[in-house]
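Okay, structure first, notes after.
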Amino acid sequence: MDSTKEAFLDLIAKLDDSQFHEFEQFARSAMEEYHGKIHNHDDDVNDLVEDSHIQGFQPVSDAKMSHLARMIQDLRKRVPISAEAPGEKIVIPDSKEYADYTDKNTVHVDGFLFSEDDVDELCDEGKLSRNYCLDCQSTSTKPLNFISHSASVLQLQFLYQVVLADKVKDKVIVDVGSRLGAVLYTGFLFTRARKIIGVELNEWFCKLQQDMVQKYRMSNRVEVRCNDIRKTPELLSKDADVVIMNNVFQFFNELPVQQEIWNFIRTETSKRPGLLLVTLPSLQDQLKEAGLPATKTMRGWVKEVKLDYENGEYFQSERII
């Protein structure tokens, strides 16, 4: 105990006057969070936070953001910069949006693990490049295309703090194609959802998520199912209150398979009126990318939920009718 106190005082001594107030707020927030975990009334602490939030906005404590940062650092040690699973085959969509994208000029950098500033640092360290050579002459270069298969921390904050701020308490969230588990971990930290379930087909990603869930003690509310969503129809037709689909099919399946999956999702979610579908890109765009008539497919199935917010381009929400 004495050595811990001494270490804490050493930390404070390193702060200047302008930093002290911010550190004090962080320390208080961290103590509240961990006190709740130790004494098994974390639910009470979180309920107080949620009940006091401004309508349409759910705040997230500094302590929880620091906890998330530790998880991200852990994941960076476990996965490559591209965040691709061993042997994973990613298909660049054959569409107008990705017409100039090829295997040679496209880099996969996970947006959940690396911000733009992080990418800049990786480039400065020589671990990544932003350009590629057109004809093996150093002066003839062109910017690489960057693709992420996860939502960024900023996007996930927007999702849970704004889009779903007052819609998920005691509800069940299902993330289709959960990969690294970004939606699961942030859902655990940022919401009071009763259950957050990730469905992932790739066994390597499933094992990664399960390890993280166990290590960071999330198993009371987070579950990972290693399966094809088409083999778990009850999740969509009975269990889920909110279904999240972030860039989920177009890079991993050929068009006929994408169409089959979307038809399956339409059929099963239609059995649960009131269910929220949250998609990135928009549902219309994803259906078009799959070669399906968006307007016809959505008619009689979903209606768009209008959200009152500024700069809300990240996620689109649809309600099953």
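Each chain of the structure tokens is named A, B, ... in the order shown, its residues numbered from 1; ligands are numbered from 1 in display order.
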
Determine, for each residue of stretch 172-241 of chain A having at least one atom at most 10 Å from an atom of stretch 81-93 of chain A, the closest pair of atoms and their separation in Å to one decimal, counting only C-alpha atoms; order by chain and ascending number, as JSON lines.
{"residue": "A:Arg179", "atom": "CA", "partner": "A:Ala85", "partner_atom": "CA", "distance": 9.0}
{"residue": "A:Leu180", "atom": "CA", "partner": "A:Ala83", "partner_atom": "CA", "distance": 7.9}
{"residue": "A:Asn202", "atom": "CA", "partner": "A:Ala85", "partner_atom": "CA", "distance": 8.0}
{"residue": "A:Glu203", "atom": "CA", "partner": "A:Ala85", "partner_atom": "CA", "distance": 9.1}
{"residue": "A:Trp204", "atom": "CA", "partner": "A:Ala85", "partner_atom": "CA", "distance": 6.4}
{"residue": "A:Phe205", "atom": "CA", "partner": "A:Ala85", "partner_atom": "CA", "distance": 6.8}
{"residue": "A:Leu208", "atom": "CA", "partner": "A:Ala85", "partner_atom": "CA", "distance": 9.9}

For this session: Would you please extract all helix (DSSP H, G or I) residues from stretch 265-316 of chain A, as assigned by DSSP on the backbone, and give them as a VMD selection string?
Result: chain A and resid 265 to 269 283 to 289 294 to 298

Problem set entry | Non-local contacts of A:Ala69 (12 Å; only C-alpha atoms; under 3 positions in same chain excluded) as a ChimeraX atom specification | /A:62-66,72-76,112-115,153,182,185-186,189

Mind writing the picked residues with N, CA and C atoms as a PDB file, in the first residue's frame?
ATOM      1  N   ASP A  62     -14.359   9.122 -18.736  1.00  0.00           N
ATOM      2  CA  ASP A  62     -12.949   9.037 -19.109  1.00  0.00           C
ATOM      3  C   ASP A  62     -12.380   7.673 -18.762  1.00  0.00           C
ATOM      4  N   ALA A  63     -12.833   7.118 -17.638  1.00  0.00           N
ATOM      5  CA  ALA A  63     -12.321   5.817 -17.204  1.00  0.00           C
ATOM      6  C   ALA A  63     -12.657   4.726 -18.211  1.00  0.00           C
ATOM      7  N   LYS A  64     -13.876   4.783 -18.749  1.00  0.00           N
ATOM      8  CA  LYS A  64     -14.272   3.769 -19.724  1.00  0.00           C
ATOM      9  C   LYS A  64     -13.511   3.939 -21.039  1.00  0.00           C
ATOM     10  N   MET A  65     -13.255   5.186 -21.421  1.00  0.00           N
ATOM     11  CA  MET A  65     -12.456   5.416 -22.620  1.00  0.00           C
ATOM     12  C   MET A  65     -11.028   4.907 -22.421  1.00  0.00           C
ATOM     13  N   SER A  66     -10.481   5.076 -21.235  1.00  0.00           N
ATOM     14  CA  SER A  66      -9.136   4.563 -20.939  1.00  0.00           C
ATOM     15  C   SER A  66      -9.138   3.032 -20.953  1.00  0.00           C
ATOM     16  N   ILE A  72      -7.737  -1.841 -26.978  1.00  0.00           N
ATOM     17  CA  ILE A  72      -7.240  -1.613 -28.337  1.00  0.00           C
ATOM     18  C   ILE A  72      -5.747  -1.903 -28.415  1.00  0.00           C
ATOM     19  N   GLN A  73      -4.989  -1.455 -27.429  1.00  0.00           N
ATOM     20  CA  GLN A  73      -3.560  -1.740 -27.397  1.00  0.00           C
ATOM     21  C   GLN A  73      -3.310  -3.242 -27.343  1.00  0.00           C
ATOM     22  N   ASP A  74      -4.113  -3.947 -26.600  1.00  0.00           N
ATOM     23  CA  ASP A  74      -4.006  -5.404 -26.509  1.00  0.00           C
ATOM     24  C   ASP A  74      -4.272  -6.050 -27.869  1.00  0.00           C
ATOM     25  N   LEU A  75      -5.331  -5.583 -28.551  1.00  0.00           N
ATOM     26  CA  LEU A  75      -5.668  -6.131 -29.861  1.00  0.00           C
ATOM     27  C   LEU A  75      -4.571  -5.877 -30.890  1.00  0.00           C
ATOM     28  N   ARG A  76      -3.943  -4.718 -30.811  1.00  0.00           N
ATOM     29  CA  ARG A  76      -2.861  -4.397 -31.747  1.00  0.00           C
ATOM     30  C   ARG A  76      -1.716  -5.403 -31.648  1.00  0.00           C
ATOM     31  N   PHE A 112     -10.895   0.703 -36.201  1.00  0.00           N
ATOM     32  CA  PHE A 112     -11.095   0.614 -34.757  1.00  0.00           C
ATOM     33  C   PHE A 112      -9.761   0.643 -34.016  1.00  0.00           C
ATOM     34  N   LEU A 113      -8.739   0.041 -34.614  1.00  0.00           N
ATOM     35  CA  LEU A 113      -7.432  -0.049 -33.969  1.00  0.00           C
ATOM     36  C   LEU A 113      -6.552   1.160 -34.244  1.00  0.00           C
ATOM     37  N   PHE A 114      -6.744   1.794 -35.399  1.00  0.00           N
ATOM     38  CA  PHE A 114      -5.839   2.869 -35.799  1.00  0.00           C
ATOM     39  C   PHE A 114      -6.618   4.086 -36.295  1.00  0.00           C
ATOM     40  N   SER A 115      -6.411   5.226 -35.640  1.00  0.00           N
ATOM     41  CA  SER A 115      -6.994   6.485 -36.094  1.00  0.00           C
ATOM     42  C   SER A 115      -6.120   7.052 -37.211  1.00  0.00           C
ATOM     43  N   VAL A 153     -13.458   4.210 -33.441  1.00  0.00           N
ATOM     44  CA  VAL A 153     -13.920   4.528 -32.091  1.00  0.00           C
ATOM     45  C   VAL A 153     -14.873   5.719 -32.147  1.00  0.00           C
ATOM     46  N   ALA A 182     -15.310  -5.033 -32.051  1.00  0.00           N
ATOM     47  CA  ALA A 182     -15.374  -3.605 -31.727  1.00  0.00           C
ATOM     48  C   ALA A 182     -16.760  -3.186 -31.245  1.00  0.00           C
ATOM     49  N   TYR A 185     -17.369  -4.741 -27.582  1.00  0.00           N
ATOM     50  CA  TYR A 185     -16.647  -4.134 -26.465  1.00  0.00           C
ATOM     51  C   TYR A 185     -17.189  -2.740 -26.150  1.00  0.00           C
ATOM     52  N   THR A 186     -17.424  -1.950 -27.189  1.00  0.00           N
ATOM     53  CA  THR A 186     -17.941  -0.604 -26.951  1.00  0.00           C
ATOM     54  C   THR A 186     -19.387  -0.656 -26.464  1.00  0.00           C
ATOM     55  N   LEU A 189     -19.159  -1.286 -22.761  1.00  0.00           N
ATOM     56  CA  LEU A 189     -18.690  -0.132 -21.995  1.00  0.00           C
ATOM     57  C   LEU A 189     -19.635   1.063 -22.062  1.00  0.00           C
TER      58      LEU A 189
END

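Checking A:Ser61, A:Gln214, A:Ser237, A:Ser219 one by one against A:Gln157, counting only C-alpha atoms, you find the shortest gap at A:Ser61.
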
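Residue nearest A:Trp301, chosen from A:Ala27, A:Met212, A:Leu275, A:Leu235 and counting only C-alpha atoms: A:Leu275.
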
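Across A:Ala151, A:Val163, A:Leu184, A:Val109, the tightest approach to A:Asn247 is made by A:Ala151 when counting only C-alpha atoms.
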
For this session: Using only C-alpha atoms, determine which residues lie at most 7 Å from A:Arg192, disregarding the query and same-chain residues fewer than 4 positions distant; provide the list as a VMD selection string.
Result: chain A and resid 168 to 170

Would you write out those residues with C-alpha atoms, as a compact mmCIF listing (two decimals), in the first residue's frame?
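Dumped everything to result.txt:
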# COMPACT_ATOMS: atom_id res chain seq x y z
CA VAL A 168 -30.84 -0.03 -25.77
CA LYS A 169 -31.13 -0.17 -21.99
CA ASP A 170 -32.06 -3.76 -21.03

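A straight line drawn from atom CA of A:Ile321 to atom CA of A:Thr232 is 21.3 Å long.
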
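Distances here use only C-alpha atoms; by that measure, the residue among A:Val278, A:Ala7, A:Val222, A:Leu292 closest to A:Lys195 is A:Val222.
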
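With atom CA of A:Arg221 on one side and atom CA of A:Ile197 on the other, the separation reads 8.3 Å.
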
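Minimum atom-to-atom distances from A:Gln209, A:Thr4, A:Gln284, A:Asn227 to A:Val79 were compared using only C-alpha atoms, and the lowest value belongs to A:Gln209.
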
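The shell of residues at most 9 Å from A:Glu304, with only C-alpha atoms counted and near chain neighbours (fewer than 4 positions) removed, consists of Gln316, Ser317, Glu318, Arg319 and Ile320 of chain A.
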
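Minimum distance to A:Asp228 across A:Phe23, A:Phe188, A:Phe264, A:Phe158 (counting only C-alpha atoms) occurs at A:Phe264.
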
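The two atoms in question, atom CA of A:Phe251 and atom CA of A:Ser150, are spaced 12.0 Å apart.
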